[in-house]
$ cat entry-v2.cif   # mmCIF, C-alpha atoms
data_start
loop_
_atom_site.label_atom_id
_atom_site.label_comp_id
_atom_site.auth_asym_id
_atom_site.auth_seq_id
_atom_site.Cartn_x
_atom_site.Cartn_y
_atom_site.Cartn_z
CA MET A 1 70.92 130.91 107.50
CA PRO A 2 74.29 129.24 107.95
CA ILE A 3 76.25 127.65 105.14
CA THR A 4 77.85 124.23 105.52
CA VAL A 5 81.40 123.96 104.24
CA LEU A 6 82.88 120.52 103.57
CA ALA A 7 86.64 120.68 103.29
CA ASP A 8 89.05 118.75 105.52
CA GLN A 9 86.32 119.07 108.15
CA GLU A 10 82.64 119.91 108.13
CA THR A 11 81.97 123.41 109.44
CA SER A 12 78.99 125.69 109.64
CA VAL A 13 79.71 129.33 108.82
CA GLY A 14 77.87 132.61 108.40
CA GLY A 15 77.50 134.16 104.98
CA ARG A 16 75.33 134.73 101.94
CA VAL A 17 74.78 133.18 98.54
CA ASP A 18 74.79 135.31 95.41
CA GLY A 19 74.26 133.30 92.24
CA ASP A 20 77.26 130.99 91.89
CA HIS A 21 79.18 132.82 94.57
CA VAL A 22 79.25 131.89 98.22
CA TRP A 23 80.35 134.74 100.46
CA ILE A 24 81.30 133.69 103.96
CA ASP A 25 82.26 135.78 106.96
CA SER A 26 85.99 136.44 106.67
CA ALA A 27 86.42 135.61 110.33
CA ASP A 28 85.24 132.04 109.57
CA LEU A 29 87.70 131.40 106.75
CA GLU A 30 90.47 129.73 108.75
CA ARG A 31 88.05 127.56 110.70
CA ALA A 32 86.40 126.43 107.46
CA ILE A 33 89.41 125.66 105.29
CA GLY A 34 92.58 126.04 107.36
CA TRP A 35 93.86 129.02 105.33
CA THR A 36 93.89 132.69 106.39
CA ARG A 37 93.82 135.87 104.32
CA LYS A 38 96.92 137.99 104.85
CA PRO A 39 98.37 140.97 102.94
CA GLU A 40 100.74 138.57 101.16
CA GLY A 41 97.94 136.28 100.03
CA LEU A 42 96.31 133.15 101.39
CA CYS A 43 98.41 131.47 104.06
CA ARG A 44 98.56 128.17 105.88
CA GLY A 45 101.42 127.92 108.35
CA PRO A 46 104.57 129.15 106.60
CA VAL A 47 103.10 128.76 103.11
CA CYS A 48 101.49 131.73 101.35
CA VAL A 49 99.86 131.72 97.93
CA PRO A 50 99.63 135.12 96.21
CA VAL A 51 96.17 136.16 95.11
CA ARG A 52 95.53 138.30 92.03
CA ASP A 53 91.82 139.02 92.37
CA SER A 54 90.11 140.87 95.10
CA LEU A 55 88.22 138.29 97.12
CA GLU A 56 86.65 140.48 99.79
CA ALA A 57 83.36 142.32 99.73
CA ASP A 58 82.65 145.52 101.68
CA ASP A 59 80.41 143.69 104.15
CA GLY A 60 83.25 141.69 105.71
CA THR A 61 82.66 138.54 103.66
CA ILE A 62 85.04 136.67 101.38
CA ASP A 63 84.31 134.80 98.16
CA LEU A 64 84.95 131.22 99.24
CA ARG A 65 84.78 129.74 95.73
CA GLY A 66 87.27 132.39 94.59
CA VAL A 67 89.51 131.39 97.50
CA ALA A 68 89.18 127.75 96.48
CA ALA A 69 90.14 128.51 92.88
CA ALA A 70 93.16 130.55 94.01
CA LEU A 71 94.30 127.52 96.04
CA GLY A 72 93.84 125.11 93.13
CA LYS A 73 90.82 123.48 94.76
CA ARG A 74 87.58 122.57 93.03
CA SER A 75 84.28 123.54 94.57
CA VAL A 76 80.67 122.41 94.22
CA PHE A 77 77.72 124.24 95.76
CA ASP A 78 74.23 122.88 96.25
CA GLU A 79 71.49 125.43 96.89
CA THR A 80 69.00 122.98 98.39
CA GLY A 81 71.30 122.11 101.26
CA ARG A 82 73.26 125.40 101.28
CA VAL A 83 76.32 123.18 101.28
CA LEU A 84 79.65 123.91 99.61
CA ALA A 85 82.27 121.20 99.14
CA LEU A 86 85.90 121.98 98.41
CA ALA A 87 88.14 119.23 97.13
CA ASP A 88 91.75 119.06 96.27
CA ASP A 89 94.00 116.77 94.32
CA ALA A 90 97.12 117.30 96.40
CA MET A 91 98.56 113.84 95.76
CA GLY A 92 97.86 114.09 92.02
CA ARG A 93 99.75 117.41 91.91
CA GLY A 94 102.65 115.84 93.75
CA GLU A 95 102.02 117.85 96.92
CA ILE A 96 101.81 115.06 99.45
CA ARG A 97 100.30 116.11 102.74
CA ASN A 98 101.82 115.09 106.06
CA LEU A 99 99.85 112.48 107.99
CA HIS A 100 100.45 114.36 111.24
CA ASP A 101 98.33 117.29 109.95
CA LEU A 102 95.27 115.06 109.56
CA ARG A 103 92.41 115.13 112.05
CA LEU A 104 89.36 112.92 111.64
CA PRO A 105 86.59 111.88 114.02
CA ASP A 106 86.31 108.42 115.52
CA VAL A 107 83.04 106.50 115.32
CA ASP A 108 81.67 108.49 118.27
CA GLY A 109 82.59 111.85 116.78
CA ARG A 110 85.65 112.53 118.93
CA LEU A 111 88.43 114.09 116.86
CA VAL A 112 91.56 111.97 116.54
CA ASP A 113 94.70 113.96 115.90
CA LEU A 114 97.06 111.87 113.77
CA SER A 115 100.04 113.82 115.13
CA ASP A 116 99.54 111.50 118.12
CA THR A 117 101.31 108.87 116.00
CA ALA A 118 104.52 110.96 115.76
CA GLY A 119 107.60 108.81 116.34
CA LYS A 120 105.94 105.71 114.97
CA LYS A 121 105.75 104.21 111.54
CA VAL A 122 102.12 104.17 110.42
CA VAL A 123 100.27 101.82 108.12
CA LEU A 124 97.11 103.67 107.13
CA LEU A 125 94.46 101.10 106.24
CA ALA A 126 91.50 102.43 104.25
CA TRP A 127 88.49 100.16 104.48
CA ALA A 128 84.71 100.35 104.10
CA SER A 129 81.66 98.23 104.80
CA TRP A 130 80.97 98.21 101.05
CA MET B 131 100.40 93.62 113.02
CA THR B 132 100.60 91.59 116.23
CA GLU B 133 103.95 90.03 115.31
CA LEU B 134 105.38 93.55 114.89
CA ALA B 135 104.25 94.69 118.34
CA ASP B 136 107.83 95.10 119.59
CA HIS B 137 108.50 97.78 116.99
CA ASP B 138 107.46 101.44 116.84
CA VAL B 139 104.71 100.89 114.33
CA THR B 140 100.95 101.27 114.44
CA ALA B 141 98.09 100.74 112.08
CA VAL B 142 95.41 103.39 111.71
CA ALA B 143 92.10 102.32 110.24
CA VAL B 144 90.17 104.86 108.19
CA SER B 145 86.63 104.07 107.12
CA LEU B 146 85.46 105.43 103.76
CA ASP B 147 81.81 104.74 104.47
CA GLY B 148 79.64 107.70 103.52
CA ASP B 149 77.77 107.39 106.78
CA THR B 150 79.33 106.70 110.18
CA GLU B 151 76.51 104.33 111.14
CA ALA B 152 77.44 101.99 108.28
CA ALA B 153 80.90 101.55 109.79
CA ARG B 154 79.81 101.13 113.41
CA PRO B 155 78.73 97.44 113.44
CA TRP B 156 81.99 96.42 111.75
CA LEU B 157 84.07 98.37 114.26
CA ASP B 158 82.06 96.95 117.18
CA GLU B 159 82.72 93.46 115.85
CA ALA B 160 86.43 94.03 115.20
CA SER B 161 87.23 95.94 118.45
CA LEU B 162 90.54 97.14 117.02
CA SER B 163 93.64 97.59 119.14
CA PHE B 164 94.80 100.60 117.10
CA PRO B 165 93.30 104.03 116.27
CA SER B 166 90.29 104.07 114.01
CA VAL B 167 88.77 107.10 112.28
CA ILE B 168 85.82 107.79 109.99
CA ASP B 169 86.24 109.80 106.80
CA VAL B 170 82.77 110.39 105.35
CA ASN B 171 84.19 113.25 103.23
CA HIS B 172 86.99 111.14 101.73
CA VAL B 173 89.64 113.62 102.77
CA VAL B 174 92.23 110.86 102.35
CA GLY B 175 91.29 110.84 98.66
CA ASP B 176 92.37 114.47 98.43
CA TRP B 177 95.45 114.09 100.59
CA PHE B 178 96.79 110.69 99.61
CA GLY B 179 95.07 109.68 96.36
CA ILE B 180 93.13 106.77 97.83
CA VAL B 181 90.54 105.50 95.31
CA ASN B 182 89.70 102.00 96.53
CA VAL B 183 89.61 99.69 99.53
CA PRO B 184 91.32 97.87 101.09
CA THR B 185 94.24 100.22 100.59
CA ALA B 186 97.42 100.56 102.62
CA VAL B 187 99.64 103.66 102.68
CA TRP B 188 102.86 103.80 104.68
CA PHE B 189 104.13 106.83 106.59
CA ASP B 190 107.43 107.27 108.41
CA GLU B 191 107.94 108.49 111.98
CA GLN B 192 107.73 112.12 110.78
CA GLY B 193 104.40 111.58 109.00
CA GLU B 194 105.86 111.64 105.50
CA MET B 195 104.45 109.16 103.00
CA VAL B 196 107.08 106.56 102.13
CA ARG B 197 104.96 104.14 100.16
CA PRO B 198 102.01 105.27 98.05
CA PRO B 199 98.53 103.74 98.10
CA ILE B 200 98.31 100.12 97.08
CA ILE B 201 95.59 97.52 97.29
CA ALA B 202 96.49 95.55 100.38
CA PRO B 203 94.12 92.77 101.38
CA GLY B 204 94.58 91.20 104.80
CA ASP B 205 94.14 87.76 103.25
CA ASP B 206 93.64 86.08 99.88
CA ARG B 207 89.83 85.80 99.73
CA PHE B 208 89.65 88.00 96.61
CA ARG B 209 92.99 87.02 95.16
CA GLU B 210 91.57 85.50 92.00
CA PHE B 211 89.62 88.65 91.22
CA SER B 212 92.16 91.25 92.32
CA GLY B 213 95.35 89.49 91.28
CA VAL B 214 96.88 90.78 94.51
CA ASP B 215 98.77 88.41 96.77
CA SER B 216 98.57 89.40 100.44
CA ALA B 217 101.77 87.57 101.41
CA VAL B 218 103.88 89.85 99.19
CA HIS B 219 102.64 92.91 101.09
CA HIS B 220 103.07 91.31 104.47
CA ALA B 221 106.68 90.40 103.67
CA ALA B 222 107.42 93.93 102.42
CA LEU B 223 105.82 95.40 105.55
CA ARG B 224 107.94 93.20 107.79
CA ARG B 225 111.12 94.27 105.94
CA TRP B 226 110.23 97.95 106.34
CA VAL B 227 109.32 97.75 110.00
CA VAL B 228 112.06 95.39 111.15
CA GLU B 229 114.93 96.32 108.85
CA GLY B 230 113.93 99.81 107.68
CA ASP B 231 114.07 98.52 104.13
CA ILE B 232 111.94 100.71 101.86
CA ASP B 233 111.62 100.83 98.08
CA SER B 234 112.43 104.52 97.71
CA GLU B 235 111.51 104.45 94.02
CA SER B 236 107.90 103.51 94.71
CA MET B 237 106.94 107.16 95.37
CA ARG B 238 108.41 108.26 92.04
CA ARG B 239 106.77 105.45 90.09
CA TRP B 240 103.36 106.04 91.60
CA SER B 241 100.51 107.08 89.39
CA GLN B 242 96.88 107.35 90.24
CA PRO B 243 94.10 106.23 87.94
CA THR B 244 93.53 108.67 85.15
CA SER B 245 90.43 110.72 85.59
CA GLU B 246 89.13 113.90 84.02
CA ALA B 247 88.96 115.74 87.31
CA PRO B 248 89.35 113.69 90.48
CA ALA B 249 89.03 116.72 92.75
CA LEU B 250 85.82 117.91 91.09
CA ALA B 251 84.43 114.36 91.23
CA ARG B 252 85.21 114.17 94.95
CA ALA B 253 83.60 117.59 95.53
CA HIS B 254 80.38 116.37 93.87
CA ARG B 255 80.46 113.13 95.86
CA ARG B 256 81.18 115.05 99.06
CA VAL B 257 78.12 117.27 98.52
CA ALA B 258 75.99 114.28 97.48
CA ALA B 259 76.86 112.20 100.57
CA TRP B 260 76.16 115.19 102.85
CA LEU B 261 72.80 115.82 101.15
CA LYS B 262 71.88 112.17 101.57
CA ARG B 263 72.88 112.15 105.25
CA ASN B 264 70.86 115.29 105.83
CA GLY B 265 67.58 114.25 104.26
CA HIS B 266 67.99 115.68 100.75
CA ALA B 267 68.20 112.42 98.78
CA GLU B 268 66.63 113.94 95.68
CA ALA B 269 69.09 116.83 95.55
CA ALA B 270 71.93 114.33 96.01
CA THR B 271 71.15 112.28 92.90
CA PRO B 272 72.59 114.60 90.20
CA HIS B 273 75.76 115.11 92.25
CA PHE B 274 76.29 111.36 92.57
CA ALA B 275 75.78 111.05 88.80
CA THR B 276 78.27 113.81 87.97
CA ALA B 277 80.86 112.36 90.35
CA SER B 278 80.58 108.96 88.64
CA GLU B 279 80.91 110.47 85.17
CA LEU B 280 84.00 112.45 86.17
CA ALA B 281 85.77 109.57 87.93
CA PRO B 282 84.37 106.34 86.43
CA ASP B 283 87.15 104.15 87.85
CA ASP B 284 87.23 105.49 91.40
CA TRP B 285 85.79 102.71 93.57
CA THR B 286 85.35 105.01 96.55
CA ILE B 287 82.98 107.05 94.39
CA ARG B 288 81.38 104.33 92.26
CA ARG B 289 80.99 101.46 94.70
CA GLY B 290 81.13 103.65 97.79
CA SER B 291 78.08 105.64 96.66
CA MET B 292 75.95 102.55 96.09
CA PRO B 293 74.75 102.13 99.71
CA LEU B 294 73.93 105.86 99.84
CA GLN B 295 71.74 105.47 96.77
CA GLY B 296 69.92 102.36 97.90
CA ALA B 297 71.95 100.09 95.63
CA ASP B 298 73.61 96.87 96.80
CA PRO B 299 77.43 97.18 96.75
CA PHE B 300 77.58 93.38 96.56
CA GLY B 301 74.75 93.02 94.02
CA ASP B 302 73.91 93.65 90.38
CA GLU B 303 75.02 97.28 90.34
CA PHE B 304 78.43 96.31 91.65
CA PHE B 305 78.90 93.51 89.12
CA ALA B 306 77.88 95.83 86.28
CA PHE B 307 80.47 98.34 87.48
CA ALA B 308 83.16 95.66 87.87
CA VAL B 309 82.61 94.45 84.29
CA GLU B 310 82.80 98.02 82.99
CA TRP B 311 85.95 98.72 85.02
CA ASP B 312 87.54 95.50 83.77
CA ALA B 313 86.70 96.36 80.14
CA ARG B 314 88.39 99.76 80.52
CA GLY B 315 91.59 98.02 81.58
CA ARG B 316 91.29 97.86 85.37
CA ASN B 317 92.44 101.39 85.88
CA SER B 318 93.68 101.52 89.47
CA TYR B 319 96.85 102.19 91.44
CA SER B 320 99.98 101.18 89.65
CA GLU B 321 103.43 101.09 91.12
#

$ encode --input "entry-v2.cif" --output "structure tokens"
Amino acid sequence: MPITVLADQETSVGGRVDGDHVWIDSADLERAIGWTRKPEGLCRGPVCVPVRDSLEADDGTIDLRGVAAALGKRSVFDETGRVLALADDAMGRGEIRNLHDLRLPDVDGRLVDLSDTAGKKVVLLAWASW
Amino acid sequence: MTELADHDVTAVAVSLDGDTEAARPWLDEASLSFPSVIDVNHVVGDWFGIVNVPTAVWFDEQGEMVRPPIIAPGDDRFREFSGVDSAVHHAALRRWVVEGDIDSESMRRWSQPTSEAPALARAHRRVAAWLKRNGHAEAATPHFATASELAPDDWTIRRGSMPLQGADPFGDEFFAFAVEWDARGRNSYSE
């Protein structure tokens, strides 16, 4: 049964649940969270974060909550929905993400790549029906 | 934004509704002339520290944030309650777009509302909203509750979760929250 991962996007990945741990197929890691496992640690673009603990199991899975902790992210898993959310406090830590890296769907589910706004000043307006 | 049409500037609307369908009628009605995205997971909370609406954040041509989140109403309907004057923001926006004038200290002064664990609160809310959207309302309830406890002053969590829990975001639950928030000292963005 697949596991839903909610990070910067929603993805469905293969894996298994073992108590508090959620082991996902290593091949799905980058698609799920945008980071890859390399010999030097966990990497996203030119940035690599060293990892102390072993995160991989022999069956080709990786401990996604361990990955999250190594990246300074918090994670919450719900067994009923087999859904794992990762959240970050980048802005609070002073690591301000670049708008052009953001991709979000429009109302019809088509992904909008905010790098399309390159060369323009942008006023991001957060709103809600509530 | 219309008066700034001759300049290289665009607005991008991001909906913080927990369900896309809640945003749709408003977007149909508004038929915006600029890009509009839906953020049911509140990724912009993680990335940019957005905890309320309406919020404006400014980015330069390279995508770098140049002015942190601030409550930015389009008009003065809620001025008495919010204490925020829309004209001040519109004038500052015009100065930035037309003259390139930016308050470079605003990034340094920025602080987000204090919270025990904003990321953990958002993770609980993220799971809760997904559970609700996917037919697991009962499983969602404790996650909504934990998120609220962890981030009691985050409107995107407190008020934003009301419609997902069958509460009226313009009714009694909202007023109870607003009184509580006020009593705690209106903890929100400060510049």

$ residues_near_point --input "entry-v2.cif" --point "(103.0, 110.2, 106.6)" --cutoff "10 Å" --atoms "all atoms listed in the file" --output "mmCIF file with C-alpha atoms, in the frame of the given file"
data_model
loop_
_atom_site.group_PDB
_atom_site.id
_atom_site.type_symbol
_atom_site.label_atom_id
_atom_site.label_comp_id
_atom_site.auth_asym_id
_atom_site.auth_seq_id
_atom_site.Cartn_x
_atom_site.Cartn_y
_atom_site.Cartn_z
ATOM 1 C CA ILE A 96 101.810 115.060 99.450
ATOM 2 C CA ARG A 97 100.300 116.110 102.740
ATOM 3 C CA ASN A 98 101.820 115.090 106.060
ATOM 4 C CA LEU A 99 99.850 112.480 107.990
ATOM 5 C CA HIS A 100 100.450 114.360 111.240
ATOM 6 C CA ASP A 101 98.330 117.290 109.950
ATOM 7 C CA LEU A 102 95.270 115.060 109.560
ATOM 8 C CA LEU A 114 97.060 111.870 113.770
ATOM 9 C CA SER A 115 100.040 113.820 115.130
ATOM 10 C CA THR A 117 101.310 108.870 116.000
ATOM 11 C CA ALA A 118 104.520 110.960 115.760
ATOM 12 C CA LYS A 120 105.940 105.710 114.970
ATOM 13 C CA LYS A 121 105.750 104.210 111.540
ATOM 14 C CA VAL A 122 102.120 104.170 110.420
ATOM 15 C CA VAL A 123 100.270 101.820 108.120
ATOM 16 C CA LEU A 124 97.110 103.670 107.130
ATOM 17 C CA PHE B 178 96.790 110.690 99.610
ATOM 18 C CA VAL B 187 99.640 103.660 102.680
ATOM 19 C CA TRP B 188 102.860 103.800 104.680
ATOM 20 C CA PHE B 189 104.130 106.830 106.590
ATOM 21 C CA ASP B 190 107.430 107.270 108.410
ATOM 22 C CA GLU B 191 107.940 108.490 111.980
ATOM 23 C CA GLN B 192 107.730 112.120 110.780
ATOM 24 C CA GLY B 193 104.400 111.580 109.000
ATOM 25 C CA GLU B 194 105.860 111.640 105.500
ATOM 26 C CA MET B 195 104.450 109.160 103.000
ATOM 27 C CA VAL B 196 107.080 106.560 102.130
ATOM 28 C CA ARG B 197 104.960 104.140 100.160
ATOM 29 C CA PRO B 198 102.010 105.270 98.050
#

$ residues_around --input "entry-v2.cif" --residues "stretch 63-75 of chain A" --least-positions-apart "6" --cutoff "6 Å" --atoms "all atoms listed in the file" --output "short mmCIF file (atom, residue, chain, number, x, y, z; two decimals) with C-alpha atoms, in the coordinates of the input"
data_model
loop_
_atom_site.label_atom_id
_atom_site.label_comp_id
_atom_site.auth_asym_id
_atom_site.auth_seq_id
_atom_site.Cartn_x
_atom_site.Cartn_y
_atom_site.Cartn_z
CA VAL A 22 79.25 131.89 98.22
CA TRP A 23 80.35 134.74 100.46
CA LEU A 55 88.22 138.29 97.12
CA ALA A 85 82.27 121.20 99.14
CA LEU A 86 85.90 121.98 98.41
CA ALA A 87 88.14 119.23 97.13
CA ASP A 88 91.75 119.06 96.27
CA LEU B 250 85.82 117.91 91.09
#

$ closest_atom_pairs --input "entry-v2.cif" --of "chain B" --to "chain A" --cutoff "6 Å" --atoms "only C-alpha atoms" --output "tab-separated table"
residue	atom	partner	partner_atom	distance
B:Asp138	CA	A:Lys120	CA	4.9
B:Val139	CA	A:Lys121	CA	4.5
B:Thr140	CA	A:Val122	CA	5.1
B:Ala141	CA	A:Val123	CA	4.6
B:Val142	CA	A:Leu124	CA	4.9
B:Ala143	CA	A:Leu125	CA	4.8
B:Val144	CA	A:Ala126	CA	4.8
B:Ser145	CA	A:Trp127	CA	5.1
B:Leu146	CA	A:Ala128	CA	5.1
B:Asp147	CA	A:Ala128	CA	5.3
B:Val167	CA	A:Asp106	CA	4.3
B:Ile168	CA	A:Asp106	CA	5.6
B:Val173	CA	A:Asp8	CA	5.9
B:Asp176	CA	A:Asp89	CA	5.0
B:Trp177	CA	A:Ala90	CA	5.5
B:Phe178	CA	A:Met91	CA	5.3
B:Gly179	CA	A:Met91	CA	5.5
B:Val183	CA	A:Trp127	CA	5.1
B:Pro184	CA	A:Trp127	CA	5.0
B:Thr185	CA	A:Ala126	CA	5.1
B:Ala186	CA	A:Leu125	CA	4.7
B:Val187	CA	A:Leu124	CA	5.1
B:Trp188	CA	A:Val123	CA	4.7
B:Phe189	CA	A:Val122	CA	5.1
B:Asp190	CA	A:Lys121	CA	4.7
B:Glu191	CA	A:Gly119	CA	4.4
B:Gly193	CA	A:Leu99	CA	4.7
B:Glu194	CA	A:Asn98	CA	5.3
B:Ala249	CA	A:Asp88	CA	5.0
B:Leu250	CA	A:Arg74	CA	5.3
B:Ala253	CA	A:Ala87	CA	5.1
B:Val257	CA	A:Ala85	CA	5.7
B:Pro299	CA	A:Trp130	CA	5.7

$ residues_around --input "entry-v2.cif" --residues "B:Ala259" --least-positions-apart "5" --cutoff "12 Å" --atoms "all atoms listed in the file" --output "PDB file with C-alpha atoms, in the frame of the given file"
ATOM      1  CA  LEU A   6      82.880 120.520 103.570  1.00  0.00           C
ATOM      2  CA  ASP A  78      74.230 122.880  96.250  1.00  0.00           C
ATOM      3  CA  GLY A  81      71.300 122.110 101.260  1.00  0.00           C
ATOM      4  CA  VAL A  83      76.320 123.180 101.280  1.00  0.00           C
ATOM      5  CA  ALA A  85      82.270 121.200  99.140  1.00  0.00           C
TER       6      ALA A  85
ATOM      7  CA  LEU B 146      85.460 105.430 103.760  1.00  0.00           C
ATOM      8  CA  ASP B 147      81.810 104.740 104.470  1.00  0.00           C
ATOM      9  CA  GLY B 148      79.640 107.700 103.520  1.00  0.00           C
ATOM     10  CA  ASP B 149      77.770 107.390 106.780  1.00  0.00           C
ATOM     11  CA  THR B 150      79.330 106.700 110.180  1.00  0.00           C
ATOM     12  CA  ASP B 169      86.240 109.800 106.800  1.00  0.00           C
ATOM     13  CA  VAL B 170      82.770 110.390 105.350  1.00  0.00           C
ATOM     14  CA  ASN B 171      84.190 113.250 103.230  1.00  0.00           C
ATOM     15  CA  HIS B 172      86.990 111.140 101.730  1.00  0.00           C
ATOM     16  CA  ARG B 252      85.210 114.170  94.950  1.00  0.00           C
ATOM     17  CA  ALA B 253      83.600 117.590  95.530  1.00  0.00           C
ATOM     18  CA  HIS B 254      80.380 116.370  93.870  1.00  0.00           C
ATOM     19  CA  ASN B 264      70.860 115.290 105.830  1.00  0.00           C
ATOM     20  CA  GLY B 265      67.580 114.250 104.260  1.00  0.00           C
ATOM     21  CA  HIS B 266      67.990 115.680 100.750  1.00  0.00           C
ATOM     22  CA  ALA B 267      68.200 112.420  98.780  1.00  0.00           C
ATOM     23  CA  GLU B 268      66.630 113.940  95.680  1.00  0.00           C
ATOM     24  CA  ALA B 269      69.090 116.830  95.550  1.00  0.00           C
ATOM     25  CA  ALA B 270      71.930 114.330  96.010  1.00  0.00           C
ATOM     26  CA  THR B 271      71.150 112.280  92.900  1.00  0.00           C
ATOM     27  CA  PRO B 272      72.590 114.600  90.200  1.00  0.00           C
ATOM     28  CA  HIS B 273      75.760 115.110  92.250  1.00  0.00           C
ATOM     29  CA  PHE B 274      76.290 111.360  92.570  1.00  0.00           C
ATOM     30  CA  ALA B 275      75.780 111.050  88.800  1.00  0.00           C
ATOM     31  CA  ALA B 277      80.860 112.360  90.350  1.00  0.00           C
ATOM     32  CA  THR B 286      85.350 105.010  96.550  1.00  0.00           C
ATOM     33  CA  ILE B 287      82.980 107.050  94.390  1.00  0.00           C
ATOM     34  CA  GLY B 290      81.130 103.650  97.790  1.00  0.00           C
ATOM     35  CA  SER B 291      78.080 105.640  96.660  1.00  0.00           C
ATOM     36  CA  MET B 292      75.950 102.550  96.090  1.00  0.00           C
ATOM     37  CA  PRO B 293      74.750 102.130  99.710  1.00  0.00           C
ATOM     38  CA  LEU B 294      73.930 105.860  99.840  1.00  0.00           C
ATOM     39  CA  GLN B 295      71.740 105.470  96.770  1.00  0.00           C
TER      40      GLN B 295
END

$ atom_distance --input "entry-v2.cif" --atom1 "atom CA of B:Arg316" --atom2 "atom CA of B:Asn182"
12.0 Å

$ residues_around --input "entry-v2.cif" --residues "B:Asp302" --least-positions-apart "5" --cutoff "12 Å" --atoms "only C-alpha atoms" --output "JSON, numbers by chain"
{"B": [289, 292, 297, 307, 308, 309]}

$ resolve_selection --input "entry-v2.cif" --expression "the PyMOL selection byres ((chain A and resi 28-40) around 7)" --output "PyMOL selection string"
chain A and resi 5+7-8+11+13+25-27+41-44+48+50

$ write_last_selection --input "entry-v2.cif" --atoms "C-alpha atoms" --output "PDB file, keeping the file's coordinate frame"
ATOM      1  CA  VAL A   5      81.400 123.960 104.240  1.00  0.00           C
ATOM      2  CA  ALA A   7      86.640 120.680 103.290  1.00  0.00           C
ATOM      3  CA  ASP A   8      89.050 118.750 105.520  1.00  0.00           C
ATOM      4  CA  THR A  11      81.970 123.410 109.440  1.00  0.00           C
ATOM      5  CA  VAL A  13      79.710 129.330 108.820  1.00  0.00           C
ATOM      6  CA  ASP A  25      82.260 135.780 106.960  1.00  0.00           C
ATOM      7  CA  SER A  26      85.990 136.440 106.670  1.00  0.00           C
ATOM      8  CA  ALA A  27      86.420 135.610 110.330  1.00  0.00           C
ATOM      9  CA  GLY A  41      97.940 136.280 100.030  1.00  0.00           C
ATOM     10  CA  LEU A  42      96.310 133.150 101.390  1.00  0.00           C
ATOM     11  CA  CYS A  43      98.410 131.470 104.060  1.00  0.00           C
ATOM     12  CA  ARG A  44      98.560 128.170 105.880  1.00  0.00           C
ATOM     13  CA  CYS A  48     101.490 131.730 101.350  1.00  0.00           C
ATOM     14  CA  PRO A  50      99.630 135.120  96.210  1.00  0.00           C
TER      15      PRO A  50
END

$ atom_distance --input "entry-v2.cif" --atom1 "atom CA of B:Glu235" --atom2 "atom CA of B:Ile180"
18.9 Å

$ atom_distance --input "entry-v2.cif" --atom1 "atom CA of B:Val174" --atom2 "atom CA of B:Ser278"
18.1 Å

$ residues_around --input "entry-v2.cif" --residues "B:Glu310" --least-positions-apart "6" --cutoff "10 Å" --atoms "all atoms listed in the file" --output "PyMOL selection string"
chain B and resi 282-283+304+316

$ closest_residue --input "entry-v2.cif" --among "B:Arg288, B:Ile232, B:Pro203, B:Lys262" --to "B:His219" --atoms "only C-alpha atoms"
B:Pro203

$ decode --input "entry-v2.cif" --residues "stretch 14-25 of chain A" --atoms "N, CA and C atoms" --output "short mmCIF file (atom, residue, chain, number, x, y, z; two decimals), in the first residue's frame"
data_model
loop_
_atom_site.label_atom_id
_atom_site.label_comp_id
_atom_site.auth_asym_id
_atom_site.auth_seq_id
_atom_site.Cartn_x
_atom_site.Cartn_y
_atom_site.Cartn_z
N GLY A 14 6.25 4.31 -2.58
CA GLY A 14 6.25 2.95 -2.05
C GLY A 14 7.01 2.91 -0.74
N GLY A 15 6.67 1.93 0.11
CA GLY A 15 7.42 1.82 1.36
C GLY A 15 6.68 1.00 2.38
N ARG A 16 7.16 1.06 3.61
CA ARG A 16 6.54 0.28 4.70
C ARG A 16 6.61 1.09 5.99
N VAL A 17 5.69 0.74 6.88
CA VAL A 17 5.61 1.44 8.16
C VAL A 17 6.03 0.46 9.25
N ASP A 18 6.90 0.92 10.14
CA ASP A 18 7.40 0.08 11.21
C ASP A 18 7.38 0.91 12.50
N GLY A 19 6.31 0.77 13.26
CA GLY A 19 6.16 1.58 14.47
C GLY A 19 6.09 3.06 14.09
N ASP A 20 7.00 3.85 14.66
CA ASP A 20 7.04 5.28 14.37
C ASP A 20 7.80 5.60 13.08
N HIS A 21 8.43 4.58 12.54
CA HIS A 21 9.29 4.83 11.38
C HIS A 21 8.55 4.57 10.07
N VAL A 22 8.85 5.41 9.11
CA VAL A 22 8.25 5.26 7.78
C VAL A 22 9.41 5.08 6.81
N TRP A 23 9.49 3.88 6.26
CA TRP A 23 10.59 3.55 5.34
C TRP A 23 10.07 3.64 3.92
N ILE A 24 10.64 4.53 3.13
CA ILE A 24 10.16 4.65 1.75
C ILE A 24 11.25 4.18 0.79
N ASP A 25 10.83 3.79 -0.40
CA ASP A 25 11.80 3.36 -1.40
C ASP A 25 12.79 4.50 -1.66
#
